>>> print(open('start.txt').read())   # compact mmCIF, C-alpha atoms and all ligand atoms
# COMPACT_ATOMS: atom_id res chain seq x y z
CA MET A 23 -8.72 -11.37 21.65
CA ASN A 24 -8.28 -8.01 23.37
CA THR A 25 -6.31 -5.76 21.00
CA LEU A 26 -3.93 -3.49 22.94
CA LEU A 27 -3.51 0.10 21.73
CA LEU A 28 0.14 1.00 22.32
CA HIS A 29 1.87 4.40 21.98
CA PRO A 30 5.51 4.86 20.93
CA ASP A 31 5.89 7.74 23.41
CA THR A 32 4.77 5.61 26.36
CA PRO A 33 7.92 4.16 27.95
CA GLY A 34 8.13 0.41 27.30
CA ASP A 35 5.47 0.24 24.58
CA ILE A 36 7.85 -0.23 21.64
CA GLU A 37 9.62 -3.01 23.56
CA ARG A 38 6.22 -4.54 24.35
CA ALA A 39 5.27 -4.54 20.65
CA GLY A 40 8.66 -6.07 19.83
CA ALA A 41 8.19 -8.79 22.45
CA LEU A 42 4.74 -9.67 21.09
CA LEU A 43 6.24 -9.98 17.58
CA ALA A 44 9.13 -12.10 18.87
CA ALA A 45 6.56 -14.36 20.57
CA GLY A 46 4.76 -15.04 17.28
CA GLN A 47 1.92 -12.52 17.65
CA VAL A 48 0.56 -10.08 15.04
CA VAL A 49 0.94 -6.32 15.66
CA GLY A 50 -0.26 -3.31 13.63
CA ILE A 51 2.71 -0.99 13.07
CA PRO A 52 3.03 2.50 11.58
CA THR A 53 5.27 3.02 8.56
CA GLU A 54 5.76 6.06 6.32
CA THR A 55 3.58 4.44 3.60
CA VAL A 56 0.54 2.83 5.29
CA TYR A 57 0.08 0.84 8.51
CA GLY A 58 1.44 -2.71 8.30
CA LEU A 59 0.19 -5.91 9.89
CA GLY A 60 3.45 -7.36 11.16
CA ALA A 61 4.63 -10.81 12.23
CA ASN A 62 7.99 -12.59 12.51
CA ALA A 63 8.95 -13.19 8.85
CA LEU A 64 10.93 -16.33 9.74
CA ASP A 65 8.00 -18.00 11.54
CA GLY A 66 5.48 -19.51 9.11
CA ALA A 67 2.87 -20.09 11.82
CA ALA A 68 3.05 -16.44 12.95
CA VAL A 69 2.74 -15.26 9.33
CA LYS A 70 -0.33 -17.48 8.77
CA GLN A 71 -2.18 -15.42 11.39
CA ILE A 72 -1.75 -12.30 9.23
CA PHE A 73 -3.63 -14.03 6.41
CA ALA A 74 -6.38 -15.08 8.85
CA ALA A 75 -6.78 -11.58 10.34
CA LYS A 76 -7.02 -9.94 6.90
CA GLY A 77 -8.96 -12.67 5.11
CA ARG A 78 -6.11 -12.51 2.57
CA PRO A 79 -5.83 -15.11 -0.22
CA ALA A 80 -2.88 -17.43 0.53
CA ASP A 81 -1.31 -16.85 -2.91
CA ASN A 82 -0.71 -13.12 -2.26
CA PRO A 83 2.88 -12.68 -0.95
CA LEU A 84 4.04 -10.39 1.87
CA ILE A 85 6.86 -7.85 2.02
CA VAL A 86 9.66 -8.44 4.55
CA HIS A 87 10.66 -5.30 6.49
CA ILE A 88 14.15 -4.81 7.88
CA ALA A 89 15.64 -2.15 10.16
CA ASP A 90 19.21 -2.18 8.82
CA PHE A 91 20.57 -2.84 5.35
CA SER A 92 22.83 -5.68 6.53
CA GLN A 93 19.76 -7.81 7.33
CA ILE A 94 19.09 -8.26 3.61
CA PHE A 95 22.00 -10.66 3.12
CA ASP A 96 20.31 -13.46 5.12
CA LEU A 97 16.98 -13.07 3.32
CA VAL A 98 17.85 -13.17 -0.39
CA ALA A 99 19.99 -15.49 -2.54
CA ALA A 100 22.26 -12.62 -3.65
CA VAL A 101 22.30 -8.81 -3.66
CA PRO A 102 22.94 -7.61 -7.23
CA ASP A 103 24.60 -4.29 -7.96
CA ALA A 104 21.29 -2.78 -9.12
CA ALA A 105 19.75 -3.52 -5.70
CA ARG A 106 22.66 -1.83 -3.94
CA ARG A 107 22.29 1.25 -6.11
CA LEU A 108 18.54 1.42 -5.45
CA ALA A 109 19.10 0.99 -1.73
CA ASP A 110 21.76 3.73 -1.71
CA ALA A 111 19.36 6.09 -3.46
CA TYR A 112 15.99 5.33 -1.81
CA TRP A 113 16.41 3.31 1.40
CA PRO A 114 15.28 3.87 4.03
CA GLY A 115 12.06 4.71 2.19
CA PRO A 116 8.91 3.61 0.35
CA LEU A 117 10.52 1.08 -2.02
CA THR A 118 10.26 -2.73 -2.06
CA ILE A 119 12.85 -4.69 -4.02
CA ILE A 120 11.97 -8.21 -5.25
CA LEU A 121 14.87 -10.67 -5.42
CA PRO A 122 15.32 -14.47 -5.48
CA LYS A 123 14.72 -15.61 -1.90
CA ALA A 124 17.00 -17.37 0.59
CA ALA A 125 15.96 -20.77 1.98
CA CYS A 126 14.98 -19.26 5.38
CA ILE A 127 11.94 -17.46 3.90
CA PRO A 128 8.85 -19.54 4.71
CA ASP A 129 6.41 -20.38 1.90
CA GLU A 130 3.72 -18.43 3.77
CA VAL A 131 5.68 -15.19 3.16
CA SER A 132 6.52 -15.76 -0.51
CA ALA A 133 3.18 -17.44 -1.27
CA GLY A 134 5.05 -20.26 -2.96
CA LEU A 135 7.10 -17.94 -5.25
CA GLU A 136 10.89 -18.29 -5.51
CA THR A 137 11.26 -14.57 -4.77
CA VAL A 138 10.84 -12.28 -1.78
CA GLY A 139 10.11 -8.55 -1.44
CA ILE A 140 12.38 -6.61 0.95
CA ARG A 141 11.85 -3.08 2.30
CA LEU A 142 13.78 -0.86 4.70
CA PRO A 143 11.19 1.67 5.96
CA SER A 144 12.15 5.19 7.03
CA HIS A 145 9.58 5.53 9.82
CA PRO A 146 11.58 5.67 13.08
CA VAL A 147 8.88 3.76 15.02
CA ALA A 148 8.76 0.98 12.40
CA ARG A 149 12.51 0.54 12.59
CA ALA A 150 12.55 0.69 16.40
CA VAL A 151 9.92 -2.07 16.59
CA ILE A 152 11.75 -4.28 14.08
CA ARG A 153 14.93 -3.85 16.14
CA ALA A 154 13.03 -4.58 19.38
CA ALA A 155 11.58 -7.76 17.83
CA GLY A 156 15.08 -8.88 16.79
CA VAL A 157 13.75 -10.48 13.58
CA PRO A 158 12.70 -9.27 10.12
CA ILE A 159 8.99 -8.46 10.01
CA ALA A 160 6.62 -9.64 7.26
CA ALA A 161 3.83 -7.12 6.84
CA PRO A 162 1.11 -6.43 4.29
CA SER A 163 -1.14 -3.38 4.63
CA ALA A 164 -3.18 -3.53 7.88
CA ASN A 165 -6.65 -3.58 6.31
CA THR A 166 -9.26 -6.28 5.80
CA SER A 167 -8.49 -7.78 2.38
CA GLY A 168 -10.20 -5.80 -0.38
CA ARG A 169 -10.82 -2.66 1.72
CA PRO A 170 -8.85 0.58 1.41
CA SER A 171 -5.47 0.48 3.19
CA THR A 172 -5.11 1.98 6.66
CA THR A 173 -3.23 5.23 7.27
CA THR A 174 -4.14 5.86 10.93
CA ALA A 175 -4.27 3.65 14.04
CA ALA A 176 -8.04 4.30 14.16
CA HIS A 177 -8.38 2.76 10.66
CA VAL A 178 -6.42 -0.30 11.84
CA MET A 179 -8.68 -0.66 14.90
CA GLU A 180 -11.75 -0.42 12.63
CA ASP A 181 -10.61 -3.51 10.68
CA MET A 182 -8.51 -5.45 13.22
CA ASN A 183 -9.91 -4.87 16.73
CA GLY A 184 -10.24 -8.27 18.41
CA LYS A 185 -8.23 -10.04 15.67
CA ILE A 186 -4.62 -9.11 16.50
CA ALA A 187 -2.53 -8.67 19.68
CA ALA A 188 -1.83 -4.92 19.45
CA VAL A 189 -1.72 -1.75 17.37
CA LEU A 190 1.09 0.76 17.82
CA ASP A 191 -0.28 4.27 17.23
CA GLY A 192 2.34 6.29 15.35
CA GLY A 193 -0.07 8.93 14.02
CA ALA A 194 -1.04 9.46 10.37
CA CYS A 195 1.24 7.94 7.71
CA GLN A 196 3.26 10.54 5.84
CA VAL A 197 3.21 9.11 2.28
CA GLY A 198 -0.25 7.54 2.43
CA VAL A 199 0.05 4.95 -0.38
CA GLU A 200 1.98 1.68 -0.27
CA SER A 201 5.59 1.23 -1.32
CA THR A 202 6.72 1.03 -4.91
CA VAL A 203 7.39 -2.63 -5.80
CA VAL A 204 10.18 -3.21 -8.33
CA SER A 205 11.37 -6.67 -9.36
CA LEU A 206 15.07 -7.25 -9.96
CA ALA A 207 14.49 -11.01 -10.21
CA GLY A 208 14.02 -11.09 -13.99
CA GLU A 209 16.16 -10.04 -16.94
CA GLN A 210 14.95 -6.43 -16.89
CA PRO A 211 13.86 -4.31 -13.90
CA ARG A 212 10.06 -4.34 -13.73
CA LEU A 213 7.66 -2.05 -11.89
CA LEU A 214 4.97 -4.25 -10.31
CA ARG A 215 3.26 -1.58 -8.19
CA PRO A 216 3.66 2.21 -8.31
CA GLY A 217 4.10 3.87 -4.92
CA GLY A 218 6.03 6.43 -2.92
CA ILE A 219 9.12 6.24 -5.18
CA SER A 220 8.14 7.29 -8.70
CA LEU A 221 8.92 5.48 -11.97
CA GLU A 222 11.03 8.51 -12.91
CA GLN A 223 13.09 8.08 -9.72
CA LEU A 224 13.61 4.34 -10.44
CA GLU A 225 14.71 5.02 -14.02
CA ALA A 226 17.18 7.67 -12.84
CA VAL A 227 19.07 4.86 -11.07
CA LEU A 228 18.29 1.77 -13.17
CA GLY A 229 17.77 3.08 -16.70
CA PRO A 230 14.66 1.75 -18.49
CA VAL A 231 12.15 -0.05 -16.25
CA ALA A 232 9.36 -2.17 -17.73
CA VAL A 233 5.90 -1.29 -16.41
CA ASP A 234 3.59 -4.22 -15.69
CA ARG A 235 0.32 -3.77 -17.52
CA ALA A 236 -1.66 -4.85 -14.44
CA ILE A 237 -0.94 -1.34 -13.07
CA SER A 238 -3.39 0.34 -15.39
CA GLN A 239 -5.57 -2.46 -16.81
CA PRO A 240 -7.88 -5.09 -15.36
CA ILE A 241 -6.38 -8.59 -15.32
CA GLY A 242 -8.56 -11.62 -16.06
CA ASP A 243 -8.50 -14.79 -13.91
CA ASP A 244 -6.86 -16.71 -16.75
CA VAL A 245 -3.79 -14.44 -16.92
CA ARG A 246 -0.58 -15.31 -15.08
CA VAL A 247 0.64 -12.18 -13.24
CA SER A 248 4.09 -11.38 -11.83
CA ALA A 249 2.64 -10.45 -8.43
CA PRO A 250 -0.45 -12.45 -7.42
CA GLY A 251 -1.84 -9.47 -5.51
CA MET A 252 -2.36 -7.70 -8.81
CA LYS A 253 -5.39 -9.75 -9.78
CA TYR A 254 -7.49 -9.15 -6.67
CA ARG A 255 -10.13 -6.47 -6.11
CA HIS A 256 -8.47 -3.86 -3.96
CA TYR A 257 -8.87 -0.67 -1.99
CA ALA A 258 -12.64 -0.63 -2.51
CA PRO A 259 -15.23 1.19 -0.39
CA HIS A 260 -18.74 -0.36 -0.22
CA ALA A 261 -20.25 2.01 -2.82
CA PRO A 262 -19.12 1.55 -6.44
CA VAL A 263 -16.46 4.05 -7.58
CA THR A 264 -16.10 5.79 -10.96
CA ALA A 265 -12.59 7.20 -11.57
CA VAL A 266 -12.64 10.31 -13.75
CA CYS A 267 -9.31 10.92 -15.55
CA GLY A 268 -8.10 13.69 -17.86
CA ASP A 269 -8.27 17.49 -17.61
CA PRO A 270 -9.30 18.31 -13.99
CA ALA A 271 -11.75 21.12 -14.86
CA LYS A 272 -13.45 18.97 -17.51
CA GLY A 273 -13.54 16.07 -15.05
CA ALA A 274 -15.25 18.21 -12.41
CA ALA A 275 -17.82 19.33 -14.99
CA TYR A 276 -18.40 15.68 -16.01
CA ILE A 277 -18.98 14.68 -12.39
CA ALA A 278 -21.32 17.64 -11.70
CA SER A 279 -23.49 16.66 -14.67
CA HIS A 280 -23.59 12.92 -13.84
CA LEU A 281 -24.15 13.04 -10.05
CA THR A 282 -27.19 11.15 -8.83
CA ALA A 283 -28.90 12.37 -5.64
CA GLN A 284 -27.18 9.88 -3.32
CA ALA A 285 -23.71 10.06 -4.92
CA GLY A 286 -20.57 11.27 -3.14
CA VAL A 287 -17.50 12.97 -4.62
CA ILE A 288 -13.73 12.73 -4.12
CA CYS A 289 -12.24 15.82 -5.77
CA PHE A 290 -9.26 18.15 -5.99
CA ASP A 291 -9.52 21.09 -3.55
CA GLU A 292 -10.24 23.79 -6.14
CA PHE A 293 -13.41 22.04 -7.38
CA ALA A 294 -15.06 21.36 -3.99
CA GLY A 295 -17.63 24.16 -4.46
CA GLN A 296 -19.14 22.54 -7.57
CA PHE A 297 -20.99 19.71 -5.83
CA ASP A 298 -23.37 21.42 -3.37
CA GLY A 299 -25.75 19.06 -1.60
CA HIS A 300 -23.40 16.06 -1.93
CA ILE A 301 -20.91 14.53 0.49
CA VAL A 302 -17.53 15.75 -0.77
CA ARG A 303 -14.02 14.71 0.34
CA THR A 304 -11.11 16.78 -0.96
CA ILE A 305 -7.68 15.17 -1.44
CA GLY A 306 -5.41 18.14 -2.25
CA ARG A 307 -4.93 20.42 -5.22
CA ALA A 308 -4.91 19.00 -8.78
CA ASP A 309 -1.19 19.77 -9.13
CA ASP A 310 -0.21 18.19 -5.79
CA PRO A 311 -0.20 14.36 -6.15
CA ALA A 312 1.82 13.99 -2.91
CA ALA A 313 -1.05 15.58 -0.97
CA GLN A 314 -3.51 13.34 -2.86
CA ALA A 315 -1.50 10.23 -1.90
CA HIS A 316 -1.59 11.28 1.75
CA ALA A 317 -5.39 11.73 1.71
CA ILE A 318 -6.71 9.09 -0.70
CA PHE A 319 -7.29 6.08 1.58
CA ASP A 320 -8.89 8.16 4.34
CA ALA A 321 -11.24 9.65 1.73
CA LEU A 322 -12.19 6.23 0.33
CA ARG A 323 -12.78 4.83 3.83
CA ALA A 324 -14.84 7.82 4.97
CA PHE A 325 -17.69 6.96 2.59
CA ASP A 326 -18.28 3.65 4.35
CA ASP A 327 -19.71 5.65 7.30
CA THR A 328 -22.25 7.35 4.99
CA ASP A 329 -25.23 6.17 2.92
CA VAL A 330 -23.84 7.21 -0.47
CA THR A 331 -24.76 4.74 -3.22
CA ALA A 332 -22.04 5.78 -5.70
CA ILE A 333 -18.71 7.65 -5.58
CA PHE A 334 -17.19 9.76 -8.36
CA ALA A 335 -13.45 10.38 -7.89
CA GLN A 336 -11.14 12.78 -9.72
CA CYS A 337 -7.99 10.96 -10.82
CA PRO A 338 -4.56 12.61 -11.34
CA ASP A 339 -2.32 11.99 -14.37
CA ASP A 340 0.52 9.45 -14.28
CA SER A 341 3.46 11.74 -13.49
CA GLY A 342 5.46 11.26 -10.27
CA ILE A 343 3.46 9.82 -7.38
CA GLY A 344 0.30 10.54 -9.43
CA LEU A 345 0.83 7.11 -11.06
CA ALA A 346 0.38 5.48 -7.63
CA VAL A 347 -2.71 7.56 -6.72
CA ALA A 348 -4.29 6.82 -10.13
CA ASN A 349 -3.52 3.09 -9.75
CA ARG A 350 -5.23 2.93 -6.31
CA LEU A 351 -8.26 4.86 -7.56
CA LYS A 352 -8.62 2.76 -10.73
CA LYS A 353 -8.39 -0.44 -8.69
CA ALA A 354 -10.90 0.92 -6.15
CA ALA A 355 -13.13 1.55 -9.17
CA GLY A 356 -12.64 -1.99 -10.51
CA PHE A 357 -11.18 -0.15 -13.54
CA HIS A 358 -14.47 1.66 -14.16
CA VAL A 359 -12.66 4.67 -15.62
CA ILE A 360 -14.02 7.68 -17.55
CA GLU A 361 -11.54 9.66 -19.71
CA VAL A 362 -12.73 13.23 -20.27
P1 LIG B 401 0.30 -5.25 0.56
O1 LIG B 401 1.35 -4.69 1.47
O2 LIG B 401 -0.96 -5.63 1.25
O3 LIG B 401 0.03 -4.33 -0.57
O4 LIG B 401 0.87 -6.58 -0.09
C1 LIG B 401 2.19 -6.73 -0.54
C2 LIG B 401 2.26 -6.69 -2.04
O5 LIG B 401 3.64 -6.76 -2.38
C3 LIG B 401 1.62 -7.88 -2.73
O6 LIG B 401 0.30 -7.68 -3.07
C4 LIG B 401 2.48 -8.04 -3.99
O7 LIG B 401 1.95 -7.22 -5.02
C5 LIG B 401 3.82 -7.48 -3.59
N1 LIG B 401 4.80 -8.56 -3.37
C6 LIG B 401 5.25 -9.04 -2.20
N2 LIG B 401 6.12 -10.04 -2.39
C7 LIG B 401 6.23 -10.22 -3.72
C8 LIG B 401 6.98 -11.10 -4.56
N3 LIG B 401 7.80 -12.03 -4.07
N4 LIG B 401 6.82 -10.99 -5.90
C9 LIG B 401 6.01 -10.06 -6.41
N5 LIG B 401 5.27 -9.18 -5.67
C10 LIG B 401 5.37 -9.26 -4.36
MG MG B 402 -2.61 -4.30 0.76
>>> encode(input="start.txt", output="structure tokens", more="lines below")
Ligand code: AMP
Ligand code: MG
Amino acid sequence: MNTLLLHPDTPGDIERAGALLAAGQVVGIPTETVYGLGANALDGAAVKQIFAAKGRPADNPLIVHIADFSQIFDLVAAVPDAARRLADAYWPGPLTIILPKAACIPDEVSAGLETVGIRLPSHPVARAVIRAAGVPIAAPSANTSGRPSTTTAAHVMEDMNGKIAAVLDGGACQVGVESTVVSLAGEQPRLLRPGGISLEQLEAVLGPVAVDRAISQPIGDDVRVSAPGMKYRHYAPHAPVTAVCGDPAKGAAYIASHLTAQAGVICFDEFAGQFDGHIVRTIGRADDPAAQAHAIFDALRAFDDTDVTAIFAQCPDDSGIGLAVANRLKKAAGFHVIEV
């Protein structure tokens, strides 16, 4: 398959992407979080092609993206008051709300669950494409399963060239990590994945939110998880990663004293000078988790073009969007975490 590279500023390209989606094809689309691999969410056969292109396990559900709030009513069994309040506060934006699904949601989207995740993205190109398609769009992150997520059209082409109909190049994603996933399908609101909307922001609207332990701990094959995606290896570059958590200056000193000759480093800006002779990628200052979120997947991917045999990565603390950055790094490390 010849993968078209489309540009939102080229007249007709957004409509072209929308027409491909309406015709059951898969298209890479920019969002404010990461690039998504989109298909018509109401067409099980179209959605199946997403799983094939990514090599994604069939039991890992997809998020359904809408362009206008009113679309939610056809996709879920009911919209509870808590969902309305969250939507008022954080939609459009990097938040996915899990609710009991309506009958129109194909099993391919919900991976056999009775629930569905809905998100209203803020990226104007994402919303324009969804409107042009005329249907809700199911989309996971646009990476090969297991690899770091994609935050530029070039990343998407790296993983998907020849496998999907088109990629729409909307530039670099602003947030850089995936949406926050919160379930309102159980008795208590539950954070299933930290992301662009922080736990603190959720609790400001919902009151106490339970935090799934899969966010910060490895989950064995025998454990039943709320979101099947939680149990898979994720976000990983080829070289093994060690996540170094705790005081940033101590962490930098730990890394400097443990670096082997062929090891690379992901570090906060102010420590970049401490690893001379090694390949170093900076992700922002230690006190700027939003900058770290923006840079983290590009940094993880960049090492796959090098011959490093190990990667040491500085990990932020859990406040604000730091919880999401730390979660992606710990998962990339297979939970090989050093606390300094
Ligand atoms: P991705 O965009 O590749 O990160 O994949 C979407 C993620 O959203 C999945 O891995 C799940 O963690 C989560 N998700 C989507 N739908 C559901 C659902 N119905 N219940 C729980 N989690 C979900
Ligand atoms: Mg993903």
>>> residues_around(input="start.txt", residues="Gly218 in chain A", least_positions_apart="3", cutoff="9 Å", atoms="all atoms listed in the file", output="list in words")
Thr55, Gly115, Pro116, Leu117, Val197, Gly198, Val199, Glu200, Ser201, Thr202, Ala312, Ala315, Gly342, Ile343 and Ala346 of chain A
>>> closest_residue(input="start.txt", among="A:Ala99, A:Ile305, A:Ala258, A:Ile333", to="Thr282 in chain A", atoms="only C-alpha atoms")
A:Ile333
>>> closest_atom_pairs(input="start.txt", of="chain A", to="ligand MG 402 (chain B)", cutoff="8 Å", atoms="all atoms listed in the file", output="JSON lines")
{"residue": "A:Pro162", "atom": "CA", "partner": "B:MG402", "partner_atom": "MG", "distance": 5.6}
{"residue": "A:Ser163", "atom": "CA", "partner": "B:MG402", "partner_atom": "MG", "distance": 4.2}
{"residue": "A:Ala164", "atom": "CA", "partner": "B:MG402", "partner_atom": "MG", "distance": 7.2}
{"residue": "A:Asn165", "atom": "CA", "partner": "B:MG402", "partner_atom": "MG", "distance": 6.9}
{"residue": "A:Ser167", "atom": "CA", "partner": "B:MG402", "partner_atom": "MG", "distance": 7.0}
{"residue": "A:Gly168", "atom": "CA", "partner": "B:MG402", "partner_atom": "MG", "distance": 7.8}
{"residue": "A:Pro170", "atom": "CA", "partner": "B:MG402", "partner_atom": "MG", "distance": 7.9}
{"residue": "A:Ser171", "atom": "CA", "partner": "B:MG402", "partner_atom": "MG", "distance": 6.1}
{"residue": "A:Glu200", "atom": "CA", "partner": "B:MG402", "partner_atom": "MG", "distance": 7.6}
{"residue": "A:His256", "atom": "CA", "partner": "B:MG402", "partner_atom": "MG", "distance": 7.5}
{"residue": "A:Tyr257", "atom": "CA", "partner": "B:MG402", "partner_atom": "MG", "distance": 7.7}
>>> closest_residue(input="start.txt", among="A:Tyr112, A:Gly156, A:Pro270, A:Thr137", to="Ala41 in chain A", atoms="all atoms listed in the file")
A:Gly156
>>> closest_atom_pairs(input="start.txt", of="chain A", to="ligand LIG 401 (chain B)", cutoff="8 Å", atoms="only C-alpha atoms and all ligand atoms", output="tab-separated table")
residue	atom	partner	partner_atom	distance
A:Gly58	CA	B:LIG401	O1	7.1
A:Asn82	CA	B:LIG401	O6	5.6
A:Pro83	CA	B:LIG401	N2	4.4
A:Leu84	CA	B:LIG401	C6	4.5
A:Ile85	CA	B:LIG401	C6	4.7
A:Val86	CA	B:LIG401	N2	8.0
A:Thr118	CA	B:LIG401	O5	7.8
A:Ile120	CA	B:LIG401	N3	5.8
A:Leu121	CA	B:LIG401	N3	7.3
A:Val131	CA	B:LIG401	N2	7.6
A:Ser132	CA	B:LIG401	N3	5.3
A:Ala133	CA	B:LIG401	N3	7.6
A:Leu135	CA	B:LIG401	N3	6.1
A:Glu136	CA	B:LIG401	N3	7.1
A:Thr137	CA	B:LIG401	N3	4.3
A:Val138	CA	B:LIG401	N3	3.8
A:Gly139	CA	B:LIG401	N2	4.4
A:Ile140	CA	B:LIG401	N2	7.9
A:Ala161	CA	B:LIG401	O1	6.4
A:Pro162	CA	B:LIG401	O1	3.3
A:Ser163	CA	B:LIG401	O2	4.1
A:Ala164	CA	B:LIG401	O2	7.3
A:Asn165	CA	B:LIG401	O2	7.9
A:Ser167	CA	B:LIG401	O2	7.9
A:Ser171	CA	B:LIG401	O2	7.8
A:Glu200	CA	B:LIG401	O3	6.3
A:Ser201	CA	B:LIG401	O1	7.8
A:Val203	CA	B:LIG401	C5	6.4
A:Ser205	CA	B:LIG401	C9	7.0
A:Leu214	CA	B:LIG401	N5	6.8
A:Arg215	CA	B:LIG401	O7	6.6
A:Ser248	CA	B:LIG401	C9	5.9
A:Ala249	CA	B:LIG401	C9	3.9
A:Pro250	CA	B:LIG401	O7	6.2
A:Gly251	CA	B:LIG401	O6	3.7
A:Met252	CA	B:LIG401	O7	5.8
>>> atom_distance(input="start.txt", atom1="CA of Asp298 in chain A", atom2="CA of Tyr276 in chain A")
14.7 Å
>>> atom_distance(input="start.txt", atom1="CA of Glu180 in chain A", atom2="CA of Ala155 in chain A")
25.0 Å
>>> residues_around(input="start.txt", residues="Gly299 in chain A", least_positions_apart="6", cutoff="12 Å", atoms="all atoms listed in the file", output="mmCIF file with C-alpha atoms, keeping the file's coordinate frame")
data_model
loop_
_atom_site.group_PDB
_atom_site.id
_atom_site.type_symbol
_atom_site.label_atom_id
_atom_site.label_comp_id
_atom_site.auth_asym_id
_atom_site.auth_seq_id
_atom_site.Cartn_x
_atom_site.Cartn_y
_atom_site.Cartn_z
ATOM 1 C CA ALA A 278 -21.320 17.640 -11.700
ATOM 2 C CA LEU A 281 -24.150 13.040 -10.050
ATOM 3 C CA THR A 282 -27.190 11.150 -8.830
ATOM 4 C CA ALA A 283 -28.900 12.370 -5.640
ATOM 5 C CA GLN A 284 -27.180 9.880 -3.320
ATOM 6 C CA ALA A 285 -23.710 10.060 -4.920
ATOM 7 C CA GLY A 286 -20.570 11.270 -3.140
ATOM 8 C CA VAL A 287 -17.500 12.970 -4.620
#
>>> closest_residue(input="start.txt", among="A:Gln336, A:Ser279, A:Pro311, A:Asn24", to="Ala294 in chain A", atoms="all atoms listed in the file")
A:Gln336
>>> closest_residue(input="start.txt", among="A:Val56, A:Ile51, A:Cys267, A:Ala176", to="Val147 in chain A", atoms="only C-alpha atoms")
A:Ile51
>>> residues_around(input="start.txt", residues="Leu42 in chain A", least_positions_apart="2", cutoff="10 Å", atoms="only C-alpha atoms", output="list in words")
Ile36, Glu37, Arg38, Ala39, Gly40, Ala44, Ala45, Gly46, Gln47, Val48, Val49, Ala61, Asn62, Ala154, Ala155, Ala187 and Ala188 of chain A
>>> write_last_selection(input="start.txt", atoms="C-alpha atoms", output="compact mmCIF listing (two decimals), in the coordinates of the input")
# COMPACT_ATOMS: atom_id res chain seq x y z
CA ILE A 36 7.85 -0.23 21.64
CA GLU A 37 9.62 -3.01 23.56
CA ARG A 38 6.22 -4.54 24.35
CA ALA A 39 5.27 -4.54 20.65
CA GLY A 40 8.66 -6.07 19.83
CA ALA A 44 9.13 -12.10 18.87
CA ALA A 45 6.56 -14.36 20.57
CA GLY A 46 4.76 -15.04 17.28
CA GLN A 47 1.92 -12.52 17.65
CA VAL A 48 0.56 -10.08 15.04
CA VAL A 49 0.94 -6.32 15.66
CA ALA A 61 4.63 -10.81 12.23
CA ASN A 62 7.99 -12.59 12.51
CA ALA A 154 13.03 -4.58 19.38
CA ALA A 155 11.58 -7.76 17.83
CA ALA A 187 -2.53 -8.67 19.68
CA ALA A 188 -1.83 -4.92 19.45
>>> residues_near_point(input="start.txt", point="(-3.6, 10.5, -9.4)", cutoff="12 Å", atoms="all atoms listed in the file", output="mmCIF file with C-alpha atoms, in the coordinates of the input")
data_model
loop_
_atom_site.group_PDB
_atom_site.id
_atom_site.type_symbol
_atom_site.label_atom_id
_atom_site.label_comp_id
_atom_site.auth_asym_id
_atom_site.auth_seq_id
_atom_site.Cartn_x
_atom_site.Cartn_y
_atom_site.Cartn_z
ATOM 1 C CA VAL A 199 0.050 4.950 -0.380
ATOM 2 C CA PRO A 216 3.660 2.210 -8.310
ATOM 3 C CA GLY A 217 4.100 3.870 -4.920
ATOM 4 C CA SER A 238 -3.390 0.340 -15.390
ATOM 5 C CA ALA A 265 -12.590 7.200 -11.570
ATOM 6 C CA VAL A 266 -12.640 10.310 -13.750
ATOM 7 C CA CYS A 267 -9.310 10.920 -15.550
ATOM 8 C CA GLY A 268 -8.100 13.690 -17.860
ATOM 9 C CA ASP A 269 -8.270 17.490 -17.610
ATOM 10 C CA PRO A 270 -9.300 18.310 -13.990
ATOM 11 C CA ILE A 288 -13.730 12.730 -4.120
ATOM 12 C CA CYS A 289 -12.240 15.820 -5.770
ATOM 13 C CA PHE A 290 -9.260 18.150 -5.990
ATOM 14 C CA ILE A 305 -7.680 15.170 -1.440
ATOM 15 C CA GLY A 306 -5.410 18.140 -2.250
ATOM 16 C CA ARG A 307 -4.930 20.420 -5.220
ATOM 17 C CA ALA A 308 -4.910 19.000 -8.780
ATOM 18 C CA ASP A 309 -1.190 19.770 -9.130
ATOM 19 C CA ASP A 310 -0.210 18.190 -5.790
ATOM 20 C CA PRO A 311 -0.200 14.360 -6.150
ATOM 21 C CA ALA A 312 1.820 13.990 -2.910
ATOM 22 C CA ALA A 313 -1.050 15.580 -0.970
ATOM 23 C CA GLN A 314 -3.510 13.340 -2.860
ATOM 24 C CA ALA A 315 -1.500 10.230 -1.900
ATOM 25 C CA HIS A 316 -1.590 11.280 1.750
ATOM 26 C CA ALA A 317 -5.390 11.730 1.710
ATOM 27 C CA ILE A 318 -6.710 9.090 -0.700
ATOM 28 C CA ALA A 335 -13.450 10.380 -7.890
ATOM 29 C CA GLN A 336 -11.140 12.780 -9.720
ATOM 30 C CA CYS A 337 -7.990 10.960 -10.820
ATOM 31 C CA PRO A 338 -4.560 12.610 -11.340
ATOM 32 C CA ASP A 339 -2.320 11.990 -14.370
ATOM 33 C CA ASP A 340 0.520 9.450 -14.280
ATOM 34 C CA SER A 341 3.460 11.740 -13.490
ATOM 35 C CA GLY A 342 5.460 11.260 -10.270
ATOM 36 C CA ILE A 343 3.460 9.820 -7.380
ATOM 37 C CA GLY A 344 0.300 10.540 -9.430
ATOM 38 C CA LEU A 345 0.830 7.110 -11.060
ATOM 39 C CA ALA A 346 0.380 5.480 -7.630
ATOM 40 C CA VAL A 347 -2.710 7.560 -6.720
ATOM 41 C CA ALA A 348 -4.290 6.820 -10.130
ATOM 42 C CA ASN A 349 -3.520 3.090 -9.750
ATOM 43 C CA ARG A 350 -5.230 2.930 -6.310
ATOM 44 C CA LEU A 351 -8.260 4.860 -7.560
ATOM 45 C CA LYS A 352 -8.620 2.760 -10.730
ATOM 46 C CA LYS A 353 -8.390 -0.440 -8.690
#
